[in-house]
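Colleague: Got a structure here, written out as structure tokens. Questions coming.
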Amino acid sequence: MVNNQPRIPIGLCLYGIAYSTGLMGNGTPRANPAPIHPPQFLELAASLGLSSVETHLGYISPQEEEAALLSFRDQAQALGLKLVVAGPKIDVDAFRQHLPIAAKMGAKTVRCVISSLLCGDRRPMGGLAGWKRHLDETAQKLKAIVPQAEDLGIRIGVENHQDATSADLIWLCEEVGSPNVGVVLDTGNPLAVAEDPVEFAERILPYLVHVHLKDYRMANTESGYRLFHCAIGAGVVDFTALFRLFDTKPDVLRHIEMAALGERHIRILEEQYWEGLGGRSITEELPVLRRWRTCETDAQWQTPWETGDEKILPTWEIERLNESVERMRQVLTQV
């Protein structure tokens with residue numbers, strides 16, 4: 001672990017070290033026998049010289065007991081760490097219960113996702129038509145949630161969770177029509193919907209309220225390309241260009257969220273993939289197609305989780321986190 005580093009304007013998302021914090025494999029024989037507990041999570045972020053953290057409330061306290069939540073808040077404040085809350089699914093009742101707690105925690109942003117879809121594959125939701133229905137229903141739910149968020153001074157950030165395109169998120173923000181609903185940009189996930197990360201960021205920038213710093217390496221497959229885990233800054237995402245954009249939004253926090261421990265297969269050569277996304281101009285796809293053309297073909301893409309070597313995962317994961325922090329320090333000196 002890196003200690004006593006100068007503080008940088010970057011934070012740590014709980015989901016970026018999912019095995020170390022006990023999320024990956026929880027409740028199974030493969031679970032981490034010695035996970036990082038909430039106080040240690042805060043100490044880790046502070047020791048790395050980070051400025052903020054992001055977590056869901058159930059990690060702090062499975063029953064979301066107020067005393068435990070406020071103790072976590074107090075420790076974070078004592079360590080000089082701001083807090084972003086990873087909220088529930090977009091459900092009116094769930095948010096009405098969640099937002100006051102987030103406000104007590106001192107959070108100014110609550111992150112959420114539209115769906116559990118991954119890899120740009122909308123078939124489980126009924127393809128493009130099913131997705132559009134779901135997007136419209138999501139907008140109506142957010143409209144019902146917004147008044148409370150506005151009263152509490154909390155921004156709801158909807159993430160591009162490998163399901164939504166930049167056009168989807170812009171439509172959603174404009175349809176809801178409140179400055180308290182914006183976008184959480186996951187910098188790696190545009191690749192799952194065949195969009196370039198920098199161009200995606202440029203499009204949604206007026207609505208940006210929070211950032212997940214994620215990177216991927218890419219490998220060719222017969223159906224398209226595989227996205228797989230790497231340290232932030234060691235993959236294909238252009239963080240120097242992204243940071244220049246983010247610097248125009250100084251109130252937006254940026255959190256390291258290394259990718260999931262399982263690969264993501266983006267099947268851009270299958271017709272069903274494009275049927276789910278709808279028609280787009282080929283010129284919009286060119287940046288991603290150029291990346292795909294130069295993909296690695298024989299890359300070692302499997303993580304220790306995928307190979308069954310979870311015993312080495314805690315060390316492996318923290319080593320990659322340390323590398324991510326150092327790479328982001330370098331990017332900060334270049335912008």
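Identifiers for the structure tokens are assigned positionally: chains receive A, B, ... in sequence, residues are indexed from 1 per chain, and ligands are indexed from 1 in the order shown.
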Using DSSP on the backbone coordinates, identify the residues of stretch 72-157 of chain A assigned to strand (DSSP E); present them as a PyMOL selection string.
Modeller: chain A and resi 82-86+109-113+155-157
Colleague: Residues within 9 Å of stretch 8-19 of chain A, please, as a PyMOL selection string. Count only C-alpha atoms; anything in the same chain fewer than 2 positions from it doesn't count.
Modeller: chain A and resi 5-6+21-26+31-32+35+41+45+49-56+59+81-82+84+212+214+253-261+305+310+313-314+317-318+321+325+328-329+332
Colleague: For N, CA and C atoms, I'd like the residues from the last selection saved as a short mmCIF file (atom, residue, chain, number, x, y, z; two decimals), in the first residue's frame.
Modeller:
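New file again-v5.cif:
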```
data_model
loop_
_atom_site.label_atom_id
_atom_site.label_comp_id
_atom_site.auth_asym_id
_atom_site.auth_seq_id
_atom_site.Cartn_x
_atom_site.Cartn_y
_atom_site.Cartn_z
N GLN A 5 0.91 9.91 0.48
CA GLN A 5 1.02 10.56 -0.82
C GLN A 5 0.33 11.92 -0.79
N PRO A 6 0.82 12.88 -1.57
CA PRO A 6 0.14 14.17 -1.67
C PRO A 6 -1.30 13.98 -2.15
N THR A 21 -13.14 -5.77 -1.16
CA THR A 21 -14.15 -5.26 -0.23
C THR A 21 -15.25 -6.28 0.06
N GLY A 22 -15.12 -7.50 -0.48
CA GLY A 22 -16.05 -8.56 -0.14
C GLY A 22 -17.31 -8.61 -0.96
N LEU A 23 -17.43 -7.79 -2.00
CA LEU A 23 -18.64 -7.79 -2.82
C LEU A 23 -18.65 -8.97 -3.79
N MET A 24 -17.54 -9.19 -4.46
CA MET A 24 -17.46 -10.27 -5.45
C MET A 24 -17.39 -11.62 -4.73
N GLY A 25 -18.32 -12.48 -5.06
CA GLY A 25 -18.35 -13.81 -4.45
C GLY A 25 -19.00 -13.86 -3.09
N ASN A 26 -19.58 -12.75 -2.66
CA ASN A 26 -20.20 -12.71 -1.33
C ASN A 26 -21.27 -13.80 -1.20
N ALA A 31 -15.88 -16.46 -1.65
CA ALA A 31 -15.85 -15.13 -1.05
C ALA A 31 -14.50 -14.85 -0.40
N ASN A 32 -14.15 -13.60 -0.36
CA ASN A 32 -12.91 -13.16 0.29
C ASN A 32 -13.02 -13.43 1.79
N PRO A 35 -12.19 -9.56 4.00
CA PRO A 35 -12.45 -8.37 3.20
C PRO A 35 -12.08 -7.07 3.93
N PHE A 41 -11.60 0.81 4.39
CA PHE A 41 -11.81 1.37 3.05
C PHE A 41 -11.49 2.86 3.04
N ALA A 45 -8.27 4.82 1.08
CA ALA A 45 -8.39 5.98 0.19
C ALA A 45 -7.51 7.13 0.68
N GLY A 49 -3.73 9.09 -0.83
CA GLY A 49 -3.75 10.50 -1.16
C GLY A 49 -4.96 10.90 -1.98
N LEU A 50 -6.06 10.16 -1.84
CA LEU A 50 -7.28 10.47 -2.57
C LEU A 50 -8.15 11.44 -1.79
N SER A 51 -9.15 11.99 -2.46
CA SER A 51 -9.93 13.08 -1.87
C SER A 51 -11.38 12.73 -1.58
N SER A 52 -11.84 11.57 -2.04
CA SER A 52 -13.25 11.22 -1.87
C SER A 52 -13.43 9.72 -2.01
N VAL A 53 -14.61 9.25 -1.64
CA VAL A 53 -14.96 7.84 -1.78
C VAL A 53 -16.40 7.72 -2.24
N GLU A 54 -16.71 6.56 -2.79
CA GLU A 54 -18.08 6.25 -3.21
C GLU A 54 -18.44 4.86 -2.73
N THR A 55 -19.59 4.75 -2.10
CA THR A 55 -20.02 3.46 -1.57
C THR A 55 -21.53 3.40 -1.52
N HIS A 56 -22.06 2.19 -1.50
CA HIS A 56 -23.48 2.04 -1.21
C HIS A 56 -23.65 1.85 0.29
N TYR A 59 -23.01 -1.51 2.28
CA TYR A 59 -21.64 -1.92 2.60
C TYR A 59 -21.25 -1.41 3.98
N LEU A 81 -12.21 13.29 3.40
CA LEU A 81 -12.77 12.62 2.23
C LEU A 81 -14.22 13.02 2.00
N LYS A 82 -14.52 13.50 0.82
CA LYS A 82 -15.91 13.74 0.42
C LYS A 82 -16.57 12.40 0.11
N VAL A 84 -19.67 10.24 -2.07
CA VAL A 84 -20.72 10.03 -3.05
C VAL A 84 -21.41 8.72 -2.70
N HIS A 212 -16.81 8.05 -13.19
CA HIS A 212 -16.09 6.82 -12.85
C HIS A 212 -14.93 6.68 -13.81
N LYS A 214 -12.71 4.49 -15.49
CA LYS A 214 -12.56 3.07 -15.84
C LYS A 214 -11.81 2.98 -17.15
N LEU A 253 -16.77 15.25 -9.12
CA LEU A 253 -15.78 14.35 -8.56
C LEU A 253 -15.47 13.22 -9.54
N ARG A 254 -14.22 12.72 -9.47
CA ARG A 254 -13.77 11.63 -10.34
C ARG A 254 -13.31 10.48 -9.45
N HIS A 255 -13.89 9.32 -9.65
CA HIS A 255 -13.57 8.17 -8.81
C HIS A 255 -13.00 7.02 -9.61
N ILE A 256 -11.90 6.47 -9.15
CA ILE A 256 -11.33 5.27 -9.75
C ILE A 256 -12.28 4.10 -9.51
N GLU A 257 -12.69 3.48 -10.62
CA GLU A 257 -13.54 2.29 -10.53
C GLU A 257 -13.01 1.28 -11.55
N MET A 258 -12.03 0.50 -11.12
CA MET A 258 -11.51 -0.51 -12.04
C MET A 258 -12.64 -1.44 -12.49
N ALA A 259 -12.46 -2.02 -13.66
CA ALA A 259 -13.52 -2.81 -14.28
C ALA A 259 -13.86 -4.05 -13.47
N ALA A 260 -15.01 -4.63 -13.80
CA ALA A 260 -15.42 -5.88 -13.17
C ALA A 260 -14.39 -6.97 -13.46
N LEU A 261 -14.39 -8.00 -12.65
CA LEU A 261 -13.41 -9.07 -12.77
C LEU A 261 -13.76 -10.09 -13.84
N TRP A 305 -9.90 -14.05 -10.94
CA TRP A 305 -11.25 -14.55 -10.66
C TRP A 305 -11.69 -15.51 -11.75
N GLU A 310 -8.53 -17.04 -6.99
CA GLU A 310 -8.97 -15.92 -6.14
C GLU A 310 -8.09 -15.72 -4.91
N LEU A 313 -6.15 -12.76 -5.48
CA LEU A 313 -6.90 -11.58 -5.92
C LEU A 313 -6.71 -10.35 -5.03
N PRO A 314 -6.75 -10.46 -3.69
CA PRO A 314 -6.59 -9.24 -2.89
C PRO A 314 -5.30 -8.49 -3.20
N GLU A 317 -5.46 -7.15 -6.90
CA GLU A 317 -6.38 -6.03 -7.06
C GLU A 317 -5.78 -4.74 -6.49
N ILE A 318 -5.18 -4.81 -5.32
CA ILE A 318 -4.60 -3.62 -4.71
C ILE A 318 -3.38 -3.14 -5.48
N LEU A 321 -4.78 -1.22 -8.22
CA LEU A 321 -5.29 0.06 -7.71
C LEU A 321 -4.14 1.04 -7.52
N VAL A 325 -3.73 4.70 -9.40
CA VAL A 325 -3.54 5.99 -8.74
C VAL A 325 -2.31 6.69 -9.30
N MET A 328 -2.95 8.03 -12.76
CA MET A 328 -3.81 9.22 -12.76
C MET A 328 -3.05 10.44 -12.23
N ARG A 329 -2.13 10.23 -11.30
CA ARG A 329 -1.26 11.34 -10.86
C ARG A 329 -0.49 11.89 -12.05
N LEU A 332 -2.72 13.97 -14.31
CA LEU A 332 -2.99 15.30 -13.74
C LEU A 332 -1.86 16.29 -14.03
#
```
Colleague: Can you tell me which residues surround A:Arg226 at a distance of at most 9 Å, considering only C-alpha atoms, apart from same-chain residues fewer than 4 positions away, and format the answer as a list in words?
Modeller: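 Counting only the stated atoms, we get Arg217, Met218, Ala219, Asn220, Thr221, Glu263, Arg264, His265, Ile266, Arg267 and Trp301 of chain A.
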Colleague: Residues near A:Glu64, anyone? I mean within 10 Å using only C-alpha atoms, not counting same-chain ones fewer than 6 positions away, as an MDAnalysis selection string.
Modeller: chainID A and resid 56:58 98 101
Colleague: Write out, as a compact mmCIF listing (two decimals), in the first residue's frame, the residues just selected, with C-alpha atoms.
Modeller:
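Everything below was put into part-v4.txt:
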```
# COMPACT_ATOMS: atom_id res chain seq x y z
CA HIS A 56 -23.48 2.04 -1.21
CA LEU A 57 -25.01 2.26 2.24
CA GLY A 58 -25.40 -1.51 2.62
CA HIS A 98 -32.70 6.82 0.44
CA ILE A 101 -30.17 9.33 4.48
```
Colleague: Got a sec to tell me which of stretch 39-245 of chain A DSSP assigns to alpha helix (DSSP H), as a ChimeraX atom specification?
Modeller: /A:39-47,57-60,66-78,92-104,127-152,166-176,197-204,239-245
Colleague: Now that the selection is made, can you save its residues with C-alpha atoms as a PDB file, in the first residue's frame?
Modeller:
```pdb
ATOM      1  CA  PRO A  39     -13.193   1.976   8.240  1.00  0.00           C
ATOM      2  CA  GLN A  40     -10.312   0.314   6.381  1.00  0.00           C
ATOM      3  CA  PHE A  41     -11.811   1.365   3.054  1.00  0.00           C
ATOM      4  CA  LEU A  42     -11.669   4.990   4.162  1.00  0.00           C
ATOM      5  CA  GLU A  43      -8.139   4.578   5.482  1.00  0.00           C
ATOM      6  CA  LEU A  44      -7.067   3.022   2.184  1.00  0.00           C
ATOM      7  CA  ALA A  45      -8.386   5.979   0.194  1.00  0.00           C
ATOM      8  CA  ALA A  46      -6.722   8.460   2.535  1.00  0.00           C
ATOM      9  CA  SER A  47      -3.403   6.573   2.487  1.00  0.00           C
ATOM     10  CA  LEU A  57     -25.009   2.259   2.235  1.00  0.00           C
ATOM     11  CA  GLY A  58     -25.401  -1.507   2.625  1.00  0.00           C
ATOM     12  CA  TYR A  59     -21.637  -1.916   2.598  1.00  0.00           C
ATOM     13  CA  ILE A  60     -21.352   0.379   5.615  1.00  0.00           C
ATOM     14  CA  GLU A  66     -28.097   5.321  11.251  1.00  0.00           C
ATOM     15  CA  ALA A  67     -25.425   5.213  13.954  1.00  0.00           C
ATOM     16  CA  ALA A  68     -23.094   3.160  11.729  1.00  0.00           C
ATOM     17  CA  LEU A  69     -23.732   5.400   8.725  1.00  0.00           C
ATOM     18  CA  LEU A  70     -23.031   8.569  10.660  1.00  0.00           C
ATOM     19  CA  SER A  71     -19.897   7.047  12.176  1.00  0.00           C
ATOM     20  CA  PHE A  72     -18.658   6.335   8.638  1.00  0.00           C
ATOM     21  CA  ARG A  73     -19.508   9.916   7.656  1.00  0.00           C
ATOM     22  CA  ASP A  74     -17.609  11.297  10.627  1.00  0.00           C
ATOM     23  CA  GLN A  75     -14.537   9.180   9.885  1.00  0.00           C
ATOM     24  CA  ALA A  76     -14.613  10.271   6.239  1.00  0.00           C
ATOM     25  CA  GLN A  77     -14.780  13.913   7.262  1.00  0.00           C
ATOM     26  CA  ALA A  78     -11.934  13.462   9.735  1.00  0.00           C
ATOM     27  CA  VAL A  92     -39.724   6.115  -6.409  1.00  0.00           C
ATOM     28  CA  ASP A  93     -40.291   4.583  -2.969  1.00  0.00           C
ATOM     29  CA  ALA A  94     -36.695   3.415  -2.642  1.00  0.00           C
ATOM     30  CA  PHE A  95     -35.353   6.857  -3.498  1.00  0.00           C
ATOM     31  CA  ARG A  96     -37.733   8.628  -1.143  1.00  0.00           C
ATOM     32  CA  GLN A  97     -36.268   6.569   1.694  1.00  0.00           C
ATOM     33  CA  HIS A  98     -32.701   6.819   0.436  1.00  0.00           C
ATOM     34  CA  LEU A  99     -32.285  10.516  -0.322  1.00  0.00           C
ATOM     35  CA  PRO A 100     -32.759  11.829   3.248  1.00  0.00           C
ATOM     36  CA  ILE A 101     -30.167   9.328   4.480  1.00  0.00           C
ATOM     37  CA  ALA A 102     -27.728  10.396   1.765  1.00  0.00           C
ATOM     38  CA  ALA A 103     -28.283  14.013   2.796  1.00  0.00           C
ATOM     39  CA  LYS A 104     -27.473  13.164   6.425  1.00  0.00           C
ATOM     40  CA  GLY A 127     -34.646  -5.152 -27.972  1.00  0.00           C
ATOM     41  CA  LEU A 128     -34.860  -1.519 -28.980  1.00  0.00           C
ATOM     42  CA  ALA A 129     -38.625  -1.233 -28.463  1.00  0.00           C
ATOM     43  CA  GLY A 130     -38.403  -2.669 -24.958  1.00  0.00           C
ATOM     44  CA  TRP A 131     -35.476  -0.414 -24.135  1.00  0.00           C
ATOM     45  CA  LYS A 132     -37.357   2.713 -25.267  1.00  0.00           C
ATOM     46  CA  ARG A 133     -40.331   1.762 -23.112  1.00  0.00           C
ATOM     47  CA  HIS A 134     -38.017   1.253 -20.154  1.00  0.00           C
ATOM     48  CA  LEU A 135     -36.289   4.577 -20.775  1.00  0.00           C
ATOM     49  CA  ASP A 136     -39.625   6.404 -20.834  1.00  0.00           C
ATOM     50  CA  GLU A 137     -40.712   4.692 -17.601  1.00  0.00           C
ATOM     51  CA  THR A 138     -37.402   5.689 -16.022  1.00  0.00           C
ATOM     52  CA  ALA A 139     -37.980   9.323 -16.975  1.00  0.00           C
ATOM     53  CA  GLN A 140     -41.401   9.285 -15.344  1.00  0.00           C
ATOM     54  CA  LYS A 141     -39.968   7.825 -12.133  1.00  0.00           C
ATOM     55  CA  LEU A 142     -37.222  10.435 -12.028  1.00  0.00           C
ATOM     56  CA  LYS A 143     -39.776  13.212 -12.477  1.00  0.00           C
ATOM     57  CA  ALA A 144     -41.524  11.928  -9.355  1.00  0.00           C
ATOM     58  CA  ILE A 145     -38.227  11.728  -7.423  1.00  0.00           C
ATOM     59  CA  VAL A 146     -36.835  15.132  -8.463  1.00  0.00           C
ATOM     60  CA  PRO A 147     -38.786  17.436  -6.090  1.00  0.00           C
ATOM     61  CA  GLN A 148     -37.301  15.728  -3.026  1.00  0.00           C
ATOM     62  CA  ALA A 149     -33.809  15.773  -4.546  1.00  0.00           C
ATOM     63  CA  GLU A 150     -34.158  19.485  -5.230  1.00  0.00           C
ATOM     64  CA  ASP A 151     -35.335  20.158  -1.668  1.00  0.00           C
ATOM     65  CA  LEU A 152     -32.353  18.261  -0.254  1.00  0.00           C
ATOM     66  CA  SER A 166     -24.992   9.260 -25.033  1.00  0.00           C
ATOM     67  CA  ALA A 167     -28.207  10.063 -26.920  1.00  0.00           C
ATOM     68  CA  ASP A 168     -30.246   8.066 -24.380  1.00  0.00           C
ATOM     69  CA  LEU A 169     -28.783   9.981 -21.444  1.00  0.00           C
ATOM     70  CA  ILE A 170     -29.165  13.380 -23.084  1.00  0.00           C
ATOM     71  CA  TRP A 171     -32.805  12.572 -23.871  1.00  0.00           C
ATOM     72  CA  LEU A 172     -33.391  11.419 -20.301  1.00  0.00           C
ATOM     73  CA  CYS A 173     -31.922  14.593 -18.764  1.00  0.00           C
ATOM     74  CA  GLU A 174     -33.850  16.845 -21.129  1.00  0.00           C
ATOM     75  CA  GLU A 175     -37.081  14.923 -20.593  1.00  0.00           C
ATOM     76  CA  VAL A 176     -36.823  15.170 -16.796  1.00  0.00           C
ATOM     77  CA  PRO A 197     -15.179   7.586 -24.668  1.00  0.00           C
ATOM     78  CA  VAL A 198     -13.990  11.140 -25.417  1.00  0.00           C
ATOM     79  CA  GLU A 199     -16.760  11.850 -27.919  1.00  0.00           C
ATOM     80  CA  PHE A 200     -19.305  10.389 -25.483  1.00  0.00           C
ATOM     81  CA  ALA A 201     -17.972  12.702 -22.780  1.00  0.00           C
ATOM     82  CA  GLU A 202     -18.146  15.729 -25.065  1.00  0.00           C
ATOM     83  CA  ARG A 203     -21.799  15.020 -25.835  1.00  0.00           C
ATOM     84  CA  ILE A 204     -22.979  14.573 -22.252  1.00  0.00           C
ATOM     85  CA  PHE A 239      -7.566  10.178 -19.983  1.00  0.00           C
ATOM     86  CA  THR A 240      -5.551  13.266 -20.863  1.00  0.00           C
ATOM     87  CA  ALA A 241      -8.269  14.367 -23.282  1.00  0.00           C
ATOM     88  CA  LEU A 242     -10.992  13.445 -20.806  1.00  0.00           C
ATOM     89  CA  PHE A 243      -9.377  15.334 -17.925  1.00  0.00           C
ATOM     90  CA  ARG A 244      -9.273  18.491 -20.038  1.00  0.00           C
ATOM     91  CA  LEU A 245     -13.033  18.175 -20.397  1.00  0.00           C
TER      92      LEU A 245
END
```
Colleague: Quick one: which stretch 171-266 of chain A residues come within 12 Å of stretch 271-277 of chain A, and what is the nearest atom pair for each with the distance in Å to one decimal, counting only C-alpha atoms, rows ordered by chain and ascending number, as a Markdown table?
Modeller:
```
| residue | atom | partner | partner_atom | distance |
| --- | --- | --- | --- | --- |
| A:Ala192 | CA | A:Tyr273 | CA | 10.5 |
| A:Val193 | CA | A:Leu277 | CA | 7.7 |
| A:Ala194 | CA | A:Leu277 | CA | 9.5 |
| A:Glu195 | CA | A:Leu277 | CA | 11.3 |
| A:Ser223 | CA | A:Glu271 | CA | 10.2 |
| A:Gly224 | CA | A:Tyr273 | CA | 10.3 |
| A:His265 | CA | A:Tyr273 | CA | 11.2 |
| A:Ile266 | CA | A:Tyr273 | CA | 8.4 |
```
Colleague: Report as a PyMOL selection string all protein, DNA and RNA residues lying within 8 Å of A:Gly262, evaluated on only C-alpha atoms, omitting residues in the same chain fewer than 4 positions from it.
Modeller: chain A and resi 228-229+302-303+305-306
